[in-house]
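**Q** Please see the structure below; I have some questions.
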2 protein chains.
Amino acid sequence: MKLIIERNQLMNSIQHVMKAISSRPTIAILSGIKLEAQQDYVKLTGSDSDITIESTIPREEDGMINIHDVQPGTVILQAKFVSEIVRKLPGDQVEIESDDELNVTIRSGAAEFKLNGQDAEEYPQPALLTTDNQFEIQADVFKNLIRQTNFAVSTQETRPILTGVHFILEDGVFELVATDSHRLASRKINLNDDAQNISFRNIVVPGKSLSELNKILDDHQEKVYVSVSDNQILFKTANVNFLSRLLDGNYPETSRLIPEQSKTTVSIKSRELMQTIDRASLLAQDNRNNIVKLATMPNQLQITSHSPEIGTAEEKVETMSIEGEDLKISFNAKYMIDALRAIDSEEIEIAFTGAMRPFILRPQNEEESILQLITPVRTY
Amino acid sequence: MKLIIERNQLMNSIQHVMKAISSRPTIAILSGIKLEAQQDYVKLTGSDSDITIESTIPREEDGMINIHDVQPGTVILQAKFVSEIVRKLPGDQVEIESDDELNVTIRSGAAEFKLNGQDAEEYPQPALLTTDNQFEIQADVFKNLIRQTNFAVSTQETRPILTGVHFILEDGVFELVATDSHRLASRKINLNDDAQNISFRNIVVPGKSLSELNKILDDHQEKVYVSVSDNQILFKTANVNFLSRLLDGNYPETSRLIPEQSKTTVSIKSRELMQTIDRASLLAQDNRNNIVKLATMPNQLQITSHSPEIGTAEEKVETMSIEGEDLKISFNAKYMIDALRAIDSEEIEIAFTGAMRPFILRPQNEEESILQLITPVRTY
């Protein structure tokens, strides 16, 4: 194998596939990057067996030649070293050459590295995903969907299914739901007409996969093509294939958790409420659940927190409207801040159904179909 | 005690004194900030007993009124909480009030915090430093002196005296020396005439104190006044007093470590050499001492490194001149990179006295009296 490749393109691809590579791989070969050189492209692969990322560098793109003088071949390189080396190489181009004994030479400017490669035959073949269940979505829209839900997945392995985000596609409506059983985040959008013929209900994508995917997806990229099978999901962009396993098991039925009517409804500016709760939480971090208290007052919410050793915080926030019963309720400040940040709307509506029942946050302007649910903590 | 104070000024002072406050203080009261309000100023104090920092906010400065409506008094506030609270307060001004039971109320905008204060009587009095040994130095010059030497102090407590920087002042020449016994950094400057009457030889300032001082000193500040006594050193700027204990014991005689003649002298561009060594060290981090090898060649230095499991790196760097014997020598790449970074000169001179003897780096242009010494590692 031999090729000359533009360093920036190579670095970019290495950074993509590194997202899948674990520092403690289950099998040793997965600490490597698979580098496959063909006349028309170079393909890099990284995997931790849960996630597999392939990044392709086409020989020519946008009128630029990325790859020169290819002698095809494939080799496995130590990911940790090759990424650092390529990052620090002095030249704009990198020459990579592998001999029959898998001795790999990397040259750029006056620098020459000789690395011990590994046999590509030992690298696991990614299971090919073949399915007709494909739909497309704008990359920036999809990144938002991930950002607005993925934070709410469980980080505990006691119920593994909750460490993933539930994907539902029915009648052209794509919905993501995540819950750690204390709070729930859900977001729906209408896909274009092509998605009318596809539907699935029990697809649960590991939260970690979505975090890594989110880092790779580029806001400027046009489209992501999503295909699903029983145990895998593929996210495909122009040059990247991101393959993730799905979580086994049935995702709990979450729609019945969402109260259908409310006893107290508050409209309020999101940013002011968030900053007030953030301040109050400074004195709440001492107690176990980071609890702040909310009480309705005429045209105001009172936010308080208390830590016996440190002191108390108290602040009133003007509301735009309060309707229904008076209310005092306690909740985890972090959940509230996460939810407000996810909604990303200037004005929000909070619907309470009493101090012991979950409450719901939605944007005041219902254009975005997003819902955040938080279970209160019993203190009052 | 009661006062209204500009939030930015208060925040700035809090950040200064926080540099002295340990997360695990030796006595509980030192987890607090001492806040002293007087008609003409507010003084904050933080201390870990090794370092004490006082930051003063004058009532009026540059035509701006920083403090309003003062009722004098002193109280101790939990540093961790008060710094976070002040940082997040909504208003431009902060009202602080303490009652006879040490209940402290902090108000800003609609936010109100009530904190449990502590009695200022319990806070240790900083030992007053009285001495005539005072000299002045430009803050930006002093920051550079610290940067160019302090990295070379020992991080190990086996020889505590080496965890400090040796300060010497004789005949108006101020010198800083640091060594961890593997490498040595030294920098001299001429002070102005006022310093001719002051001299000291056995002042050793903890490296940690200098790191914290360096964070507080502002490049734009005009002058630092330095006073020394037998066991303390005071760095004084317009609004900050930074007091540090000195290390006990005699600093080793380091001048005899510096070879007076050399067998091989190399002139080379600093940045290219640094980048080459940085690249070579990628394959050297596996071996215990991060060793790279240097060999002289006609008009070039060859830099190599080798890790049996990973591979080898090899690169040649053009020199401006090489004089004297041929040489092969091995050294810790990190020491070399640290030294080149400290010298901060486009062209440097390296003077070798054989493969087993310490070598010296100096700027090619001798305007700055800086010297970096590195002990080689035996491998060739």
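Ordering of the structure tokens sets the chain letters (A, B, ...), residue numbers begin anew at 1 in every chain, and ligands are numbered from 1 in the order given.
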Which residues of chain A sit at most 8 Å from chain B, using only C-alpha atoms? Give each one's shortest atom pair and distance in Å (one decimal place), in chain and ascending residue order, as JSON lines.
**A**
{"residue": "A:Gln78", "atom": "CA", "partner": "B:Ile310", "partner_atom": "CA", "distance": 7.9}
{"residue": "A:Phe81", "atom": "CA", "partner": "B:Leu282", "partner_atom": "CA", "distance": 7.1}
{"residue": "A:Glu84", "atom": "CA", "partner": "B:Leu282", "partner_atom": "CA", "distance": 7.2}
{"residue": "A:Ile85", "atom": "CA", "partner": "B:Arg279", "partner_atom": "CA", "distance": 6.8}
{"residue": "A:Lys88", "atom": "CA", "partner": "B:Arg279", "partner_atom": "CA", "distance": 6.3}
{"residue": "A:Leu89", "atom": "CA", "partner": "B:Arg279", "partner_atom": "CA", "distance": 7.3}
{"residue": "A:Ala110", "atom": "CA", "partner": "B:Glu315", "partner_atom": "CA", "distance": 5.6}
{"residue": "A:Ala111", "atom": "CA", "partner": "B:Glu315", "partner_atom": "CA", "distance": 4.6}
{"residue": "A:Glu112", "atom": "CA", "partner": "B:Glu314", "partner_atom": "CA", "distance": 5.2}
{"residue": "A:Phe113", "atom": "CA", "partner": "B:Ala313", "partner_atom": "CA", "distance": 4.3}
{"residue": "A:Lys114", "atom": "CA", "partner": "B:Thr312", "partner_atom": "CA", "distance": 5.1}
{"residue": "A:Leu115", "atom": "CA", "partner": "B:Gly311", "partner_atom": "CA", "distance": 4.3}
{"residue": "A:Asn116", "atom": "CA", "partner": "B:Gly311", "partner_atom": "CA", "distance": 5.7}
{"residue": "A:Thr276", "atom": "CA", "partner": "B:Ala111", "partner_atom": "CA", "distance": 7.8}
{"residue": "A:Arg279", "atom": "CA", "partner": "B:Lys88", "partner_atom": "CA", "distance": 6.3}
{"residue": "A:Leu282", "atom": "CA", "partner": "B:Ile85", "partner_atom": "CA", "distance": 7.0}
{"residue": "A:Leu283", "atom": "CA", "partner": "B:Phe81", "partner_atom": "CA", "distance": 7.6}
{"residue": "A:Glu309", "atom": "CA", "partner": "B:Asn116", "partner_atom": "CA", "distance": 7.3}
{"residue": "A:Ile310", "atom": "CA", "partner": "B:Asn116", "partner_atom": "CA", "distance": 5.7}
{"residue": "A:Gly311", "atom": "CA", "partner": "B:Leu115", "partner_atom": "CA", "distance": 4.3}
{"residue": "A:Thr312", "atom": "CA", "partner": "B:Lys114", "partner_atom": "CA", "distance": 5.1}
{"residue": "A:Ala313", "atom": "CA", "partner": "B:Phe113", "partner_atom": "CA", "distance": 4.3}
{"residue": "A:Glu314", "atom": "CA", "partner": "B:Glu112", "partner_atom": "CA", "distance": 5.3}
{"residue": "A:Glu315", "atom": "CA", "partner": "B:Ala111", "partner_atom": "CA", "distance": 4.6}
{"residue": "A:Lys316", "atom": "CA", "partner": "B:Ala110", "partner_atom": "CA", "distance": 6.2}
{"residue": "A:Val317", "atom": "CA", "partner": "B:Ala110", "partner_atom": "CA", "distance": 7.7}
**Q** Given identical sequences, can you show me chain B least-squares superposed on chain A via all its Cα atoms in order, as a short mmCIF file (atom, residue, chain, number, x, y, z; two decimals) with C-alpha atoms, in the first residue's frame?
**A**
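result_35.cif, freshly written:
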data_model
loop_
_atom_site.label_atom_id
_atom_site.label_comp_id
_atom_site.auth_asym_id
_atom_site.auth_seq_id
_atom_site.Cartn_x
_atom_site.Cartn_y
_atom_site.Cartn_z
CA MET B 1 -0.04 0.00 0.01
CA LYS B 2 1.18 3.48 -0.78
CA LEU B 3 -0.42 6.89 -1.11
CA ILE B 4 0.00 10.61 -0.64
CA ILE B 5 -2.89 12.36 1.06
CA GLU B 6 -3.74 15.90 2.12
CA ARG B 7 -3.02 16.18 5.83
CA ASN B 8 -6.13 18.22 6.74
CA GLN B 9 -8.47 15.72 5.11
CA LEU B 10 -6.72 12.81 6.79
CA MET B 11 -6.77 14.56 10.17
CA ASN B 12 -10.47 15.29 9.85
CA SER B 13 -11.26 11.66 9.05
CA ILE B 14 -9.07 10.40 11.88
CA GLN B 15 -10.90 12.66 14.32
CA HIS B 16 -14.21 11.23 13.12
CA VAL B 17 -13.32 7.57 13.53
CA MET B 18 -11.51 8.22 16.86
CA LYS B 19 -14.97 8.94 18.32
CA ALA B 20 -15.69 5.23 18.14
CA ILE B 21 -12.37 4.00 19.49
CA SER B 22 -12.25 3.07 23.16
CA SER B 23 -9.16 3.58 25.30
CA ARG B 24 -9.92 0.11 26.71
CA PRO B 25 -11.06 -1.92 23.73
CA THR B 26 -12.71 -5.31 24.26
CA ILE B 27 -10.39 -6.83 21.64
CA ALA B 28 -6.88 -5.46 21.09
CA ILE B 29 -7.20 -4.85 17.35
CA LEU B 30 -9.98 -2.30 18.03
CA SER B 31 -7.39 0.08 19.47
CA GLY B 32 -6.42 0.56 15.83
CA ILE B 33 -7.70 2.54 12.89
CA LYS B 34 -8.30 0.56 9.72
CA LEU B 35 -6.90 2.43 6.72
CA GLU B 36 -8.04 1.21 3.32
CA ALA B 37 -6.57 2.86 0.23
CA GLN B 38 -8.31 2.48 -3.13
CA GLN B 39 -7.78 4.33 -6.40
CA ASP B 40 -10.86 6.46 -5.86
CA TYR B 41 -10.98 6.87 -2.11
CA VAL B 42 -9.37 6.25 1.24
CA LYS B 43 -11.61 4.78 3.93
CA LEU B 44 -10.85 4.92 7.65
CA THR B 45 -12.71 2.77 10.16
CA GLY B 46 -12.87 2.95 13.95
CA SER B 47 -15.00 0.74 16.18
CA ASP B 48 -15.64 -0.28 19.76
CA SER B 49 -18.02 -3.01 18.54
CA ASP B 50 -21.03 -0.99 19.84
CA ILE B 51 -20.32 1.87 17.45
CA THR B 52 -18.54 1.62 14.11
CA ILE B 53 -17.59 4.75 12.19
CA GLU B 54 -16.39 4.76 8.61
CA SER B 55 -15.06 7.99 7.16
CA THR B 56 -14.34 8.18 3.45
CA ILE B 57 -12.00 10.65 1.77
CA PRO B 58 -12.80 10.75 -1.95
CA ARG B 59 -9.89 11.12 -4.35
CA GLU B 60 -11.42 14.28 -5.67
CA GLU B 61 -13.94 16.55 -3.99
CA ASP B 62 -15.11 20.07 -4.87
CA GLY B 63 -12.42 20.21 -7.54
CA MET B 64 -9.64 19.44 -5.05
CA ILE B 65 -7.45 16.34 -5.31
CA ASN B 66 -7.17 14.79 -1.85
CA ILE B 67 -5.27 11.64 -2.70
CA HIS B 68 -2.31 11.10 -5.01
CA ASP B 69 -0.31 8.13 -6.36
CA VAL B 70 -2.29 5.32 -4.79
CA GLN B 71 -1.15 1.72 -4.62
CA PRO B 72 -4.21 0.04 -3.05
CA GLY B 73 -4.00 -1.82 0.22
CA THR B 74 -5.27 -1.99 3.79
CA VAL B 75 -3.50 -1.82 7.14
CA ILE B 76 -4.35 -1.29 10.81
CA LEU B 77 -2.57 1.56 12.61
CA GLN B 78 -2.42 2.28 16.36
CA ALA B 79 -5.11 4.96 16.66
CA LYS B 80 -3.59 6.84 19.59
CA PHE B 81 -0.22 7.30 17.92
CA VAL B 82 -1.29 7.86 14.34
CA SER B 83 -3.72 10.62 15.38
CA GLU B 84 -1.06 12.46 17.38
CA ILE B 85 1.54 12.01 14.66
CA VAL B 86 -0.68 13.26 11.83
CA ARG B 87 -1.77 16.22 13.95
CA LYS B 88 1.84 17.30 14.48
CA LEU B 89 3.34 16.52 11.07
CA PRO B 90 5.11 19.50 9.48
CA GLY B 91 3.87 19.27 5.86
CA ASP B 92 0.52 19.79 4.10
CA GLN B 93 0.74 16.31 2.59
CA VAL B 94 1.38 12.94 4.18
CA GLU B 95 2.91 9.93 2.46
CA ILE B 96 1.89 6.57 3.88
CA GLU B 97 3.52 3.35 2.77
CA SER B 98 3.13 -0.18 4.07
CA ASP B 99 5.35 -3.11 3.10
CA ASP B 100 4.59 -6.83 3.13
CA GLU B 101 5.75 -7.12 6.75
CA LEU B 102 3.23 -4.43 7.79
CA ASN B 103 5.99 -1.91 8.46
CA VAL B 104 4.25 1.40 7.88
CA THR B 105 6.26 4.50 7.01
CA ILE B 106 4.67 7.94 7.43
CA ARG B 107 6.53 10.85 5.87
CA SER B 108 5.81 14.56 5.83
CA GLY B 109 8.33 17.34 5.33
CA ALA B 110 11.58 16.18 6.97
CA ALA B 111 9.79 13.91 9.45
CA GLU B 112 9.67 10.16 9.06
CA PHE B 113 7.86 7.71 11.34
CA LYS B 114 8.05 3.95 11.06
CA LEU B 115 5.15 2.25 12.82
CA ASN B 116 4.35 -1.39 13.43
CA GLY B 117 1.08 -1.98 11.56
CA GLN B 118 -1.34 -4.85 12.09
CA ASP B 119 -2.96 -7.18 9.62
CA ALA B 120 -6.31 -5.90 8.31
CA GLU B 121 -7.53 -9.52 8.15
CA GLU B 122 -7.72 -9.49 11.94
CA TYR B 123 -10.05 -6.49 12.00
CA PRO B 124 -13.71 -7.44 12.51
CA GLN B 125 -15.97 -6.95 9.50
CA PRO B 126 -18.80 -4.58 10.39
CA ALA B 127 -22.13 -6.37 9.97
CA LEU B 128 -23.66 -4.96 6.82
CA LEU B 129 -26.97 -3.32 7.47
CA THR B 130 -29.46 -4.16 4.76
CA THR B 131 -32.91 -2.67 5.13
CA ASP B 132 -35.50 -0.68 3.25
CA ASN B 133 -36.34 1.36 6.35
CA GLN B 134 -34.53 4.51 5.37
CA PHE B 135 -35.54 8.11 5.87
CA GLU B 136 -33.73 11.40 5.60
CA ILE B 137 -33.49 14.37 7.96
CA GLN B 138 -31.58 17.66 7.94
CA ALA B 139 -28.40 17.39 9.99
CA ASP B 140 -29.01 20.60 11.96
CA VAL B 141 -32.58 19.52 12.81
CA PHE B 142 -31.37 16.11 13.93
CA LYS B 143 -28.62 17.63 16.09
CA ASN B 144 -31.27 19.70 17.83
CA LEU B 145 -33.46 16.64 18.44
CA ILE B 146 -30.50 14.88 20.04
CA ARG B 147 -29.60 17.92 22.15
CA GLN B 148 -33.17 18.34 23.38
CA THR B 149 -33.63 14.74 24.54
CA ASN B 150 -30.35 12.87 24.99
CA PHE B 151 -29.41 14.63 28.26
CA ALA B 152 -32.36 12.92 29.99
CA VAL B 153 -31.22 9.33 29.47
CA SER B 154 -30.32 7.33 32.55
CA THR B 155 -26.63 7.06 33.39
CA GLN B 156 -27.23 4.01 35.57
CA GLU B 157 -27.15 0.45 34.34
CA THR B 158 -29.94 -0.75 36.67
CA ARG B 159 -32.43 -0.42 33.80
CA PRO B 160 -30.20 -0.57 30.70
CA ILE B 161 -33.06 0.26 28.31
CA LEU B 162 -33.30 3.75 29.89
CA THR B 163 -29.70 4.54 28.89
CA GLY B 164 -31.01 4.90 25.34
CA VAL B 165 -33.27 7.28 23.45
CA HIS B 166 -36.53 5.84 22.12
CA PHE B 167 -36.98 6.52 18.39
CA ILE B 168 -40.55 6.33 17.04
CA LEU B 169 -41.60 6.92 13.45
CA GLU B 170 -45.29 6.71 12.60
CA ASP B 171 -47.36 8.45 9.93
CA GLY B 172 -44.42 10.62 8.97
CA VAL B 173 -43.96 11.89 12.54
CA PHE B 174 -40.52 11.26 14.06
CA GLU B 175 -40.36 11.32 17.86
CA LEU B 176 -37.45 10.99 20.31
CA VAL B 177 -38.11 10.21 23.97
CA ALA B 178 -35.62 9.89 26.82
CA THR B 179 -36.24 9.35 30.51
CA ASP B 180 -34.23 8.35 33.54
CA SER B 181 -37.53 7.76 35.44
CA HIS B 182 -37.16 11.10 37.31
CA ARG B 183 -37.62 13.29 34.26
CA LEU B 184 -38.55 12.86 30.65
CA ALA B 185 -37.68 14.74 27.48
CA SER B 186 -39.57 14.33 24.23
CA ARG B 187 -39.46 16.01 20.85
CA LYS B 188 -41.48 15.40 17.69
CA ILE B 189 -41.12 16.62 14.13
CA ASN B 190 -42.88 16.01 10.86
CA LEU B 191 -40.65 14.39 8.27
CA ASN B 192 -41.14 14.86 4.57
CA ASP B 193 -43.54 12.69 2.57
CA ASP B 194 -41.01 9.97 1.75
CA ALA B 195 -41.09 8.91 5.38
CA GLN B 196 -44.83 8.14 5.25
CA ASN B 197 -44.16 4.56 4.18
CA ILE B 198 -41.77 3.76 7.00
CA SER B 199 -42.65 3.13 10.60
CA PHE B 200 -41.04 1.69 13.71
CA ARG B 201 -41.84 1.79 17.40
CA ASN B 202 -39.23 -0.17 19.32
CA ILE B 203 -35.91 1.35 18.30
CA VAL B 204 -33.76 2.39 21.29
CA VAL B 205 -30.41 4.02 20.44
CA PRO B 206 -27.71 4.16 23.16
CA GLY B 207 -27.33 7.71 24.50
CA LYS B 208 -23.57 7.42 24.14
CA SER B 209 -23.91 6.68 20.41
CA LEU B 210 -26.02 9.80 19.95
CA SER B 211 -23.51 11.94 21.87
CA GLU B 212 -20.71 10.81 19.59
CA LEU B 213 -22.86 11.16 16.47
CA ASN B 214 -23.73 14.70 17.52
CA LYS B 215 -20.02 15.58 17.65
CA ILE B 216 -19.47 14.32 14.11
CA LEU B 217 -22.54 15.79 12.44
CA ASP B 218 -21.80 19.12 10.88
CA ASP B 219 -24.46 21.84 10.98
CA HIS B 220 -23.60 22.67 7.41
CA GLN B 221 -24.03 19.15 6.16
CA GLU B 222 -27.21 18.84 4.26
CA LYS B 223 -28.74 15.52 5.13
CA VAL B 224 -28.50 12.47 7.33
CA TYR B 225 -29.89 9.21 5.99
CA VAL B 226 -31.14 6.94 8.75
CA SER B 227 -31.68 3.20 8.24
CA VAL B 228 -32.79 0.78 10.92
CA SER B 229 -32.80 -2.97 11.30
CA ASP B 230 -33.74 -5.13 14.28
CA ASN B 231 -30.46 -4.63 16.09
CA GLN B 232 -28.62 -1.79 14.36
CA ILE B 233 -29.07 1.75 13.16
CA LEU B 234 -27.04 3.47 10.47
CA PHE B 235 -26.61 7.23 10.15
CA LYS B 236 -25.15 8.10 6.79
CA THR B 237 -23.87 11.45 5.55
CA ALA B 238 -21.91 12.30 2.41
CA ASN B 239 -18.62 10.90 3.73
CA VAL B 240 -19.42 9.22 7.04
CA ASN B 241 -21.21 6.00 7.96
CA PHE B 242 -22.07 5.86 11.66
CA LEU B 243 -23.33 2.44 12.70
CA SER B 244 -24.63 1.78 16.23
CA ARG B 245 -26.09 -1.27 17.87
CA LEU B 246 -29.56 -0.85 19.37
CA LEU B 247 -30.47 -1.62 22.96
CA ASP B 248 -32.30 -4.89 23.59
CA GLY B 249 -35.66 -4.94 25.33
CA ASN B 250 -38.89 -3.00 25.25
CA TYR B 251 -38.90 0.69 26.02
CA PRO B 252 -41.51 1.52 28.68
CA GLU B 253 -44.79 3.10 27.61
CA THR B 254 -44.16 6.74 28.46
CA SER B 255 -47.17 8.53 27.02
CA ARG B 256 -49.36 7.64 30.00
CA LEU B 257 -46.88 9.40 32.35
CA ILE B 258 -47.82 12.74 30.86
CA PRO B 259 -50.71 14.39 32.76
CA GLU B 260 -53.53 15.42 30.46
CA GLN B 261 -54.88 18.24 32.58
CA SER B 262 -53.29 20.71 34.93
CA LYS B 263 -54.34 22.54 38.11
CA THR B 264 -51.85 25.42 37.89
CA THR B 265 -50.45 26.94 34.72
CA VAL B 266 -47.60 29.47 34.72
CA SER B 267 -46.27 31.45 31.77
CA ILE B 268 -42.82 32.90 32.36
CA LYS B 269 -39.63 34.08 30.67
CA SER B 270 -37.35 31.09 30.43
CA ARG B 271 -33.99 32.81 30.86
CA GLU B 272 -34.92 34.67 34.04
CA LEU B 273 -36.35 31.56 35.62
CA MET B 274 -33.26 29.56 34.67
CA GLN B 275 -30.86 32.12 36.14
CA THR B 276 -32.88 32.37 39.35
CA ILE B 277 -32.92 28.61 39.79
CA ASP B 278 -29.23 28.46 38.97
CA ARG B 279 -28.53 30.96 41.77
CA ALA B 280 -30.78 29.19 44.26
CA SER B 281 -29.11 25.88 43.46
CA LEU B 282 -25.81 27.29 44.75
CA LEU B 283 -27.13 26.67 48.27
CA ALA B 284 -28.87 23.43 47.30
CA GLN B 285 -25.84 21.49 46.15
CA ASP B 286 -25.14 20.57 49.72
CA ASN B 287 -28.34 18.58 50.10
CA ARG B 288 -28.55 15.26 48.36
CA ASN B 289 -30.98 16.05 45.56
CA ASN B 290 -30.06 19.64 44.74
CA ILE B 291 -33.56 20.67 45.80
CA VAL B 292 -35.04 24.11 45.28
CA LYS B 293 -38.59 25.13 46.15
CA LEU B 294 -41.06 27.01 44.03
CA ALA B 295 -44.17 28.78 45.37
CA THR B 296 -46.77 30.70 43.40
CA MET B 297 -47.48 34.28 44.53
CA PRO B 298 -49.54 36.98 42.84
CA ASN B 299 -47.87 37.53 39.44
CA GLN B 300 -44.64 36.01 40.73
CA LEU B 301 -42.89 32.76 41.44
CA GLN B 302 -40.87 32.60 44.63
CA ILE B 303 -37.78 30.39 44.35
CA THR B 304 -36.02 29.38 47.57
CA SER B 305 -33.37 26.98 48.74
CA HIS B 306 -31.93 26.15 52.11
CA SER B 307 -28.81 24.49 53.41
CA PRO B 308 -28.67 24.32 57.22
CA GLU B 309 -24.92 24.84 57.38
CA ILE B 310 -24.57 27.50 54.71
CA GLY B 311 -27.74 29.59 54.60
CA THR B 312 -30.75 30.36 52.44
CA ALA B 313 -31.46 31.84 49.03
CA GLU B 314 -34.69 33.58 48.06
CA GLU B 315 -35.75 35.31 44.87
CA LYS B 316 -38.96 36.29 43.12
CA VAL B 317 -39.41 36.11 39.37
CA GLU B 318 -42.16 37.98 37.54
CA THR B 319 -44.53 35.77 35.59
CA MET B 320 -46.54 36.66 32.48
CA SER B 321 -49.53 34.81 33.89
CA ILE B 322 -50.51 32.35 36.62
CA GLU B 323 -53.79 30.46 36.36
CA GLY B 324 -55.39 27.94 38.72
CA GLU B 325 -54.63 26.81 42.27
CA ASP B 326 -51.84 28.15 44.48
CA LEU B 327 -48.92 25.77 44.61
CA LYS B 328 -45.77 24.95 46.52
CA ILE B 329 -43.52 22.36 44.98
CA SER B 330 -39.90 21.15 45.29
CA PHE B 331 -37.69 19.72 42.57
CA ASN B 332 -34.13 18.99 41.55
CA ALA B 333 -32.66 22.26 40.26
CA LYS B 334 -30.47 20.49 37.71
CA TYR B 335 -33.46 18.80 36.07
CA MET B 336 -35.20 22.16 35.76
CA ILE B 337 -32.14 23.90 34.30
CA ASP B 338 -31.57 21.04 31.82
CA ALA B 339 -35.21 21.20 30.73
CA LEU B 340 -35.27 24.99 30.30
CA ARG B 341 -32.04 24.85 28.34
CA ALA B 342 -33.43 22.12 26.06
CA ILE B 343 -36.65 24.02 25.30
CA ASP B 344 -34.65 26.93 24.06
CA SER B 345 -37.68 29.25 23.87
CA GLU B 346 -37.89 32.79 25.19
CA GLU B 347 -41.23 32.16 26.91
CA ILE B 348 -42.37 28.89 28.38
CA GLU B 349 -45.45 27.40 29.99
CA ILE B 350 -45.29 25.17 33.05
CA ALA B 351 -48.33 22.99 33.82
CA PHE B 352 -48.56 21.63 37.37
CA THR B 353 -51.04 19.01 38.66
CA GLY B 354 -50.34 19.41 42.39
CA ALA B 355 -47.21 19.23 44.53
CA MET B 356 -46.84 15.45 44.26
CA ARG B 357 -47.44 14.99 40.55
CA PRO B 358 -45.02 15.38 37.64
CA PHE B 359 -45.14 18.74 35.91
CA ILE B 360 -44.60 19.69 32.33
CA LEU B 361 -42.64 22.42 30.57
CA ARG B 362 -43.41 23.45 26.99
CA PRO B 363 -42.52 26.45 24.85
CA GLN B 364 -45.18 29.15 25.11
CA ASN B 365 -45.13 29.29 21.37
CA GLU B 366 -46.16 25.76 20.39
CA GLU B 367 -44.39 25.73 17.04
CA GLU B 368 -41.85 23.24 18.29
CA SER B 369 -43.39 20.08 19.58
CA ILE B 370 -41.17 19.66 22.60
CA LEU B 371 -42.16 18.54 26.08
CA GLN B 372 -40.11 18.26 29.25
CA LEU B 373 -41.49 16.45 32.31
CA ILE B 374 -40.04 16.61 35.82
CA THR B 375 -41.05 14.58 38.86
CA PRO B 376 -41.12 16.70 42.02
CA VAL B 377 -39.42 15.84 45.30
CA ARG B 378 -41.51 15.62 48.47
CA THR B 379 -40.52 18.28 50.95
CA TYR B 380 -43.42 20.67 51.57
#
**Q** Pick out each residue of region 236-358 of chain B that DSSP on the backbone tags as helix (DSSP H, G or I); I need them as a list in words.
**A**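 Those in region 236-358 of chain B that DSSP calls helix (DSSP H, G or I) are Ser255, Arg256, Leu257, Ser270, Arg271, Glu272, Leu273, Met274, Gln275, Thr276, Ile277, Asp278, Arg279, Ala280, Ser281, Ala333, Lys334, Tyr335, Met336, Ile337, Asp338, Ala339, Leu340, Arg341, Ala342 and Ile343 of chain B.
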**Q** Please, which residues of region 82-331 of chain B, numbered as in this document, come out strand (DSSP E or B) from DSSP, as an MDAnalysis selection string?
**A** chainID B and resid 93:98 103:108 111:116 118 134:138 164:170 173:179 183:190 200:206 223:228 232:236 240:245 264:269 291:297 300:307 311:318 321:324 328:331
